[in-house]
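Shown next: upload-v3.txt, given as compact mmCIF, C-alpha atoms and all ligand atoms.
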```txt
# COMPACT_ATOMS: atom_id res chain seq x y z
CA MET T 89 -15.96 -249.00 77.67
CA TYR T 90 -16.79 -247.14 80.87
CA THR T 91 -13.68 -244.95 80.49
CA GLN T 92 -15.08 -242.26 82.80
CA LEU T 93 -15.37 -244.75 85.66
CA GLN T 94 -11.92 -246.20 85.06
CA LEU T 95 -10.29 -242.77 84.96
CA ARG T 96 -12.05 -241.49 88.09
CA ASP T 97 -9.51 -243.12 90.42
CA ALA T 98 -6.48 -242.54 88.21
CA ALA T 99 -3.57 -240.57 89.66
CA ARG T 100 -4.37 -237.66 87.29
CA PRO T 101 -8.08 -237.93 86.49
CA PRO T 102 -9.22 -235.69 83.61
CA VAL T 103 -10.58 -232.32 84.71
CA ASN T 104 -14.34 -231.84 84.40
CA VAL T 105 -16.83 -229.16 85.46
CA SER T 106 -17.04 -230.63 88.98
CA THR T 107 -13.24 -230.45 89.34
CA LEU T 108 -13.33 -226.77 88.37
CA ARG T 109 -16.18 -226.00 90.79
CA LYS T 110 -14.32 -227.76 93.59
CA MET T 111 -11.15 -225.80 92.82
CA LYS T 112 -13.15 -222.58 93.20
CA ALA T 113 -14.70 -223.80 96.46
CA ASP T 114 -11.28 -224.80 97.81
CA GLY T 115 -9.66 -221.52 96.73
CA GLU T 116 -7.26 -223.38 94.42
CA LYS T 117 -6.34 -221.28 91.39
CA ILE T 118 -7.25 -222.69 87.96
CA ALA T 119 -4.47 -222.51 85.34
CA CYS T 120 -5.74 -222.17 81.78
CA VAL T 121 -4.06 -221.54 78.44
CA THR T 122 -5.06 -221.37 74.81
CA CYS T 123 -3.85 -224.12 72.50
CA TYR T 124 -4.07 -224.74 68.77
CA ASP T 125 -2.22 -227.96 67.91
CA ALA T 126 -1.44 -231.45 69.18
CA SER T 127 2.26 -230.93 69.98
CA PHE T 128 1.58 -227.93 72.21
CA ALA T 129 -1.41 -229.76 73.70
CA VAL T 130 0.97 -232.45 75.00
CA LEU T 131 3.15 -229.74 76.61
CA VAL T 132 0.12 -227.94 78.09
CA ASP T 133 -0.95 -231.24 79.63
CA ASP T 134 2.56 -232.13 80.86
CA ALA T 135 2.88 -228.68 82.44
CA GLY T 136 -0.19 -229.37 84.59
CA ALA T 137 -2.65 -226.85 83.12
CA ASP T 138 -6.27 -227.50 84.09
CA LEU T 139 -8.03 -226.14 81.02
CA ALA T 140 -7.07 -225.64 77.38
CA LEU T 141 -9.03 -223.26 75.17
CA VAL T 142 -9.06 -223.48 71.41
CA GLY T 143 -9.62 -219.75 71.18
CA ASP T 144 -10.62 -217.85 68.10
CA SER T 145 -7.42 -215.91 68.86
CA LEU T 146 -6.12 -218.52 66.41
CA GLY T 147 -7.28 -216.09 63.74
CA MET T 148 -4.64 -213.64 64.93
CA VAL T 149 -1.75 -215.78 66.22
CA ILE T 150 -2.00 -218.66 63.70
CA GLN T 151 -3.70 -217.17 60.66
CA GLY T 152 -2.24 -213.66 60.80
CA HIS T 153 -5.52 -211.72 60.76
CA ASP T 154 -5.90 -208.39 62.59
CA THR T 155 -8.96 -209.58 64.49
CA THR T 156 -10.81 -212.80 65.36
CA VAL T 157 -13.72 -211.90 63.07
CA PRO T 158 -12.65 -213.98 60.01
CA VAL T 159 -12.41 -217.25 62.00
CA THR T 160 -14.88 -219.91 60.85
CA MET T 161 -16.50 -222.97 62.41
CA GLU T 162 -14.34 -225.18 60.18
CA ASP T 163 -11.20 -223.47 61.55
CA VAL T 164 -12.15 -224.01 65.21
CA ILE T 165 -13.32 -227.60 64.61
CA TYR T 166 -10.02 -228.42 62.89
CA HIS T 167 -7.86 -226.94 65.68
CA SER T 168 -10.04 -228.40 68.44
CA ARG T 169 -9.82 -231.86 66.89
CA VAL T 170 -6.02 -231.76 66.71
CA VAL T 171 -5.67 -230.34 70.23
CA ALA T 172 -7.99 -233.05 71.60
CA ARG T 173 -5.54 -235.70 70.33
CA GLY T 174 -2.74 -234.31 72.52
CA LEU T 175 -4.72 -233.72 75.73
CA TYR T 176 -5.43 -236.15 78.52
CA ARG T 177 -6.04 -234.23 81.77
CA PRO T 178 -6.94 -230.62 80.85
CA PHE T 179 -10.57 -229.72 80.16
CA LEU T 180 -11.00 -228.78 76.49
CA VAL T 181 -13.07 -225.70 75.67
CA ALA T 182 -13.63 -224.42 72.12
CA ASP T 183 -14.65 -220.94 71.02
CA MET T 184 -17.80 -220.32 69.05
CA PRO T 185 -16.64 -218.05 66.20
CA PHE T 186 -18.13 -214.69 65.19
CA MET T 187 -21.79 -215.03 64.14
CA SER T 188 -21.90 -218.77 64.79
CA TYR T 189 -24.46 -218.22 67.58
CA SER T 190 -26.73 -215.51 66.23
CA SER T 191 -29.87 -217.60 66.90
CA LYS T 192 -30.64 -220.34 69.42
CA GLU T 193 -30.93 -223.01 66.74
CA GLN T 194 -27.71 -221.98 65.01
CA ALA T 195 -25.89 -221.88 68.37
CA LEU T 196 -27.08 -225.37 69.28
CA ALA T 197 -26.17 -226.85 65.88
CA ASN T 198 -22.69 -225.30 66.01
CA ALA T 199 -22.06 -226.20 69.67
CA VAL T 200 -22.93 -229.81 68.81
CA ARG T 201 -20.39 -229.71 65.96
CA LEU T 202 -17.66 -228.39 68.29
CA MET T 203 -18.34 -231.22 70.72
CA GLN T 204 -18.92 -234.06 68.27
CA GLU T 205 -16.42 -233.15 65.53
CA GLY T 206 -13.98 -231.05 67.57
CA GLY T 207 -13.94 -233.11 70.76
CA ALA T 208 -14.64 -230.03 72.93
CA LYS T 209 -16.20 -230.54 76.35
CA MET T 210 -17.48 -226.98 76.64
CA VAL T 211 -18.15 -224.11 74.24
CA LYS T 212 -17.32 -220.45 74.87
CA LEU T 213 -19.28 -217.54 73.50
CA GLU T 214 -18.90 -213.80 73.85
CA GLY T 215 -21.77 -211.76 75.14
CA GLY T 216 -23.75 -210.17 77.91
CA ALA T 217 -27.48 -209.71 78.32
CA GLY T 218 -28.06 -210.33 74.58
CA GLN T 219 -26.80 -213.91 74.89
CA ILE T 220 -28.84 -214.97 77.92
CA GLU T 221 -31.52 -216.76 75.90
CA ILE T 222 -28.86 -218.56 73.87
CA VAL T 223 -26.97 -219.68 76.99
CA GLU T 224 -30.26 -220.87 78.52
CA PHE T 225 -31.08 -222.80 75.34
CA LEU T 226 -27.65 -224.46 75.19
CA ALA T 227 -27.68 -225.26 78.92
CA GLY T 228 -31.20 -226.68 78.50
CA HIS T 229 -29.67 -229.12 76.01
CA ASP T 230 -26.85 -230.00 78.46
CA ILE T 231 -24.19 -228.16 76.49
CA PRO T 232 -21.57 -226.83 78.95
CA VAL T 233 -21.06 -223.11 78.35
CA CYS T 234 -18.39 -220.55 79.19
CA ALA T 235 -19.67 -216.96 78.87
CA HIS T 236 -17.03 -214.36 77.89
CA LEU T 237 -17.56 -210.81 79.22
CA GLY T 238 -15.53 -207.60 79.37
CA LEU T 239 -13.49 -206.99 76.25
CA LYS T 240 -15.19 -209.06 73.56
CA PRO T 241 -12.76 -209.25 70.62
CA GLN T 242 -15.52 -210.29 68.19
CA SER T 243 -17.11 -206.87 68.81
CA VAL T 244 -13.91 -204.95 68.07
CA HIS T 245 -15.40 -203.09 65.10
CA LYS T 246 -18.44 -202.08 67.15
CA ILE T 247 -16.49 -200.88 70.21
CA GLY T 248 -13.71 -199.28 68.16
CA GLY T 249 -10.58 -201.09 69.34
CA PHE T 250 -9.20 -203.46 71.93
CA ARG T 251 -9.51 -201.52 75.18
CA VAL T 252 -10.23 -202.00 78.86
CA GLN T 253 -13.94 -202.42 79.62
CA GLY T 254 -15.93 -201.65 82.76
CA ARG T 255 -13.97 -198.65 83.95
CA GLU T 256 -17.10 -196.51 84.42
CA GLY T 257 -19.54 -197.29 87.23
CA GLU T 258 -22.55 -197.85 85.01
CA GLN T 259 -20.72 -200.20 82.63
CA ALA T 260 -19.19 -202.07 85.58
CA GLU T 261 -22.59 -202.53 87.21
CA ARG T 262 -24.07 -203.76 83.93
CA MET T 263 -21.24 -206.27 83.53
CA ALA T 264 -21.68 -207.59 87.07
CA GLY T 265 -25.45 -207.91 86.45
CA ASP T 266 -24.85 -209.70 83.14
CA ALA T 267 -22.43 -212.14 84.79
CA LEU T 268 -25.02 -213.06 87.40
CA ALA T 269 -27.75 -213.38 84.76
CA LEU T 270 -25.50 -215.62 82.63
CA GLU T 271 -24.81 -217.85 85.62
CA ARG T 272 -28.54 -218.09 86.30
CA ALA T 273 -29.09 -218.92 82.62
CA GLY T 274 -26.80 -221.93 83.04
CA ALA T 275 -23.25 -220.75 82.22
CA ASP T 276 -20.74 -223.09 83.90
CA ILE T 277 -17.77 -220.71 83.67
CA VAL T 278 -17.56 -216.94 83.23
CA LEU T 279 -14.46 -215.54 81.53
CA LEU T 280 -13.57 -211.87 82.05
CA GLU T 281 -11.21 -210.11 79.68
CA CYS T 282 -9.46 -206.79 80.19
CA ILE T 283 -11.36 -205.23 83.06
CA PRO T 284 -10.29 -203.45 86.26
CA GLY T 285 -8.99 -205.92 88.86
CA GLU T 286 -11.44 -204.64 91.45
CA LEU T 287 -14.39 -205.48 89.18
CA GLY T 288 -12.90 -208.93 88.46
CA GLY T 289 -12.75 -209.63 92.21
CA HIS T 290 -16.27 -208.33 92.78
CA ILE T 291 -17.82 -210.50 90.04
CA THR T 292 -15.85 -213.55 91.26
CA ARG T 293 -17.19 -213.17 94.80
CA GLU T 294 -20.78 -212.76 93.51
CA LEU T 295 -20.76 -215.90 91.34
CA SER T 296 -20.80 -219.52 92.41
CA VAL T 297 -19.38 -220.77 89.08
CA PRO T 298 -15.62 -220.44 88.41
CA VAL T 299 -14.48 -217.10 86.98
CA ILE T 300 -11.41 -217.13 84.75
CA GLY T 301 -9.61 -213.87 84.00
CA ILE T 302 -7.32 -212.51 81.33
CA GLY T 303 -6.30 -209.02 82.36
CA ALA T 304 -8.99 -209.14 85.08
CA GLY T 305 -6.71 -208.93 88.12
CA PRO T 306 -5.56 -211.46 90.72
CA ASP T 307 -8.86 -211.99 92.57
CA VAL T 308 -10.53 -214.27 90.02
CA ASP T 309 -10.65 -218.08 90.33
CA GLY T 310 -8.18 -218.74 87.54
CA GLN T 311 -6.09 -217.17 84.81
CA ILE T 312 -5.83 -217.72 81.08
CA LEU T 313 -3.25 -216.45 78.62
CA VAL T 314 -2.78 -216.85 74.89
CA LEU T 315 -0.11 -219.55 74.51
CA TYR T 316 1.92 -217.61 71.95
CA ASP T 317 1.95 -214.54 74.22
CA LEU T 318 3.27 -216.36 77.29
CA LEU T 319 5.89 -218.12 75.14
CA ASP T 320 6.87 -214.76 73.60
CA ILE T 321 6.18 -216.04 70.08
CA THR T 322 3.79 -213.16 69.32
CA SER T 323 5.74 -210.29 67.83
CA GLY T 324 5.32 -206.58 68.51
CA ARG T 325 3.56 -204.82 71.35
CA LYS T 326 1.58 -207.05 73.69
CA PRO T 327 -1.26 -206.30 76.10
CA ARG T 328 -0.30 -205.09 79.58
CA PHE T 329 -1.48 -208.32 81.25
CA VAL T 330 0.96 -210.53 79.28
CA ARG T 331 4.05 -211.88 81.02
CA ASN T 332 6.87 -213.50 79.07
CA PHE T 333 7.30 -216.88 80.81
CA MET T 334 9.85 -218.00 78.22
CA ASP T 335 12.37 -215.49 79.55
CA GLY T 336 15.01 -217.64 81.28
CA ALA T 337 12.89 -220.81 81.01
CA GLY T 338 15.02 -222.73 78.53
CA SER T 339 12.17 -224.64 76.87
CA PRO T 340 8.47 -224.18 76.06
CA LEU T 341 7.60 -226.91 78.59
CA ALA T 342 9.56 -225.14 81.34
CA ALA T 343 7.86 -221.84 80.43
CA LEU T 344 4.43 -223.47 80.68
CA GLN T 345 5.37 -225.06 84.02
CA ARG T 346 6.44 -221.63 85.29
CA TYR T 347 3.14 -220.16 84.15
CA VAL T 348 1.09 -222.87 85.90
CA ALA T 349 3.16 -222.48 89.09
CA ALA T 350 2.80 -218.67 89.02
CA VAL T 351 -0.98 -218.92 88.64
CA ARG T 352 -1.21 -221.44 91.47
CA ASP T 353 1.02 -219.49 93.87
CA ARG T 354 -0.66 -216.18 92.85
CA SER T 355 2.59 -214.52 91.76
CA TYR T 356 0.93 -213.99 88.36
CA PRO T 357 -0.73 -211.61 87.71
CA ALA T 358 1.40 -209.04 89.54
CA PRO T 359 0.20 -205.43 89.94
CA GLU T 360 1.93 -204.41 86.70
CA HIS T 361 -0.30 -206.86 84.76
CA CYS T 362 -3.53 -205.40 86.15
CA PHE T 363 -5.81 -202.48 85.29
O1 LIG O 1 -9.77 -216.51 71.78
C1 LIG O 1 -9.12 -216.53 72.82
O2 LIG O 1 -7.96 -216.94 72.87
C2 LIG O 1 -9.76 -216.06 74.03
C3 LIG O 1 -8.85 -215.78 75.18
C4 LIG O 1 -8.27 -214.43 75.00
C5 LIG O 1 -9.52 -215.93 76.47
O3 LIG O 1 -10.92 -215.87 74.08
```

structure tokens encoding of this file:
Amino acid sequence: MYTQLQLRDAARPPVNVSTLRKMKADGEKIACVTCYDASFAVLVDDAGADLALVGDSLGMVIQGHDTTVPVTMEDVIYHSRVVARGLYRPFLVADMPFMSYSSKEQALANAVRLMQEGGAKMVKLEGGAGQIEIVEFLAGHDIPVCAHLGLKPQSVHKIGGFRVQGREGEQAERMAGDALALERAGADIVLLECIPGELGGHITRELSVPVIGIGAGPDVDGQILVLYDLLDITSGRKPRFVRNFMDGAGSPLAALQRYVAAVRDRSYPAPEHCF
């Protein structure tokens, strides 16, 4: 079946890397959200999100760990597979867990598993200059890659906590250089977490691939939030960039629709969500 050809002219064709590049070129904001199961995947799709990420944040919001470090390949494959069953239009990205890409060969074998067993259309990995060879290797094998810079939760024990990155000039310059190098190595998306809004805007203007932000200010090409944060399911103190879209929404679907609308009309993130 040539499903791709049949879907191309559908009213809501599935999002692919070309769609995302065109959205950047047209200045249309990309609405992204994490997702971990089939029921929420249906809502994410119905709400009009463009991209769903099976993030290793599942280790924290689903499994109850303090960090994402304990998440395994089996965990992400399982959640990606169930999310894939509920999605039609959004582009499905799956996280490569901690230490699942410590060599080129291991990265390729695990990325193939996420795509073949998990149904992912792109893999995401955390890293800067140290991951350039790996990104190049994956891209050389036609694996779509999202490179995650800024706050890298898998490095939490090395950096000593979840905190804003790129505040100092030297670190900011290094991050901007790494983003460019990752794009040249073949990354199709760059994701920036928890950085000053000014740096988010600067990196976005420098890159030709879409830049998605979480706590990276309003001047990136798209936004992503952890589903359980935007639905106010996560208990306790939340990061500054989180907005509770459930407040006054009435249903999870309405909350997701409000989130997508706020990303598209640029009312989210507001100054109080930025660094
Ligand atoms: O794991 C995750 O959910 C993520 C997002 C915070 C972007 O990487």

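Between T:Glu294 and the residues T:Ala349, T:Leu280, T:Ala264, T:Val211, the shortest atom-to-atom distance, using all atoms listed in the file, involves T:Ala264.
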
All residues 7 Å or closer to stretch 226-233 of chain T, all atoms listed in the file, same chain fewer than 6 positions away omitted, as JSON, numbers by chain | {"T": [196, 210, 211, 212, 274, 275, 276, 277]}

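Minimum atom-to-atom distance to T:Pro284, evaluated using all atoms listed in the file, belongs to T:Cys362 out of T:Ala267, T:Leu344, T:Cys362, T:Cys234.
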
Using all atoms listed in the file, find each protein or nucleic acid residue lying at most 7 Å from ligand LIG 1 (chain O); present the set as a VMD selection string.
-> chain T and resid 122 141 to 146 183 281 302 312 to 314

Please return, as a list in words, all polymer residues that have at least one atom within 10 Å of the point (4.7, -215.8, 64.2); use all atoms listed in the file and the file's own coordinate frame.
-> Met148, Val149, Ile150, Gln151, Gly152, Tyr316, Asp320, Ile321, Thr322 and Ser323 of chain T

Please measure the separation of atom CA of T:Lys117 and atom CA of T:Pro359, giving the value in Å to one decimal.
->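 Taking atom CA of T:Lys117 as the start and atom CA of T:Pro359 as the end point, the length is 17.2 Å.
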
Closest of T:Ala172, T:Val278, T:Ala350, T:Ile283 to T:Asp309 - atom-to-atom distances counting all atoms listed in the file |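 Of the candidates, the smallest distance to T:Asp309 is held by T:Val278.
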
Near-T:Arg331 list (9 Å; all atoms listed in the file; drop same-chain fewer than 2 positions) as a PyMOL selection string | chain T and resi 313+317-320+328-329+333-334+347+356-357+361

Taking (-13.7, -230.7, 74.9) in the file's coordinates, which residues come within 8 Å, counting only C-alpha atoms, written as a PyMOL selection string?
-> chain T and resi 168+172+179-182+203+206-211

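The gap separating atom CA of T:Val157 from atom CA of T:Leu175 is 26.8 Å, in Å to one decimal.
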
By how many Å are atom CA of T:Ala235 and atom CA of T:Asp138 apart?
->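 Between atom CA of T:Ala235 and atom CA of T:Asp138 the gap is 17.8 Å.
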
Could you tell me which of T:Pro306, T:Pro178, T:Pro101, T:Pro241 comes closest to T:Cys123 if we count only C-alpha atoms?
-> T:Pro178

What's the 10 Å shell around stretch 192-194 of chain T, counting only C-alpha atoms, without same-chain residues fewer than 2 positions away, as a ChimeraX atom specification?
-> /T:187-190,196-200,219,221-226
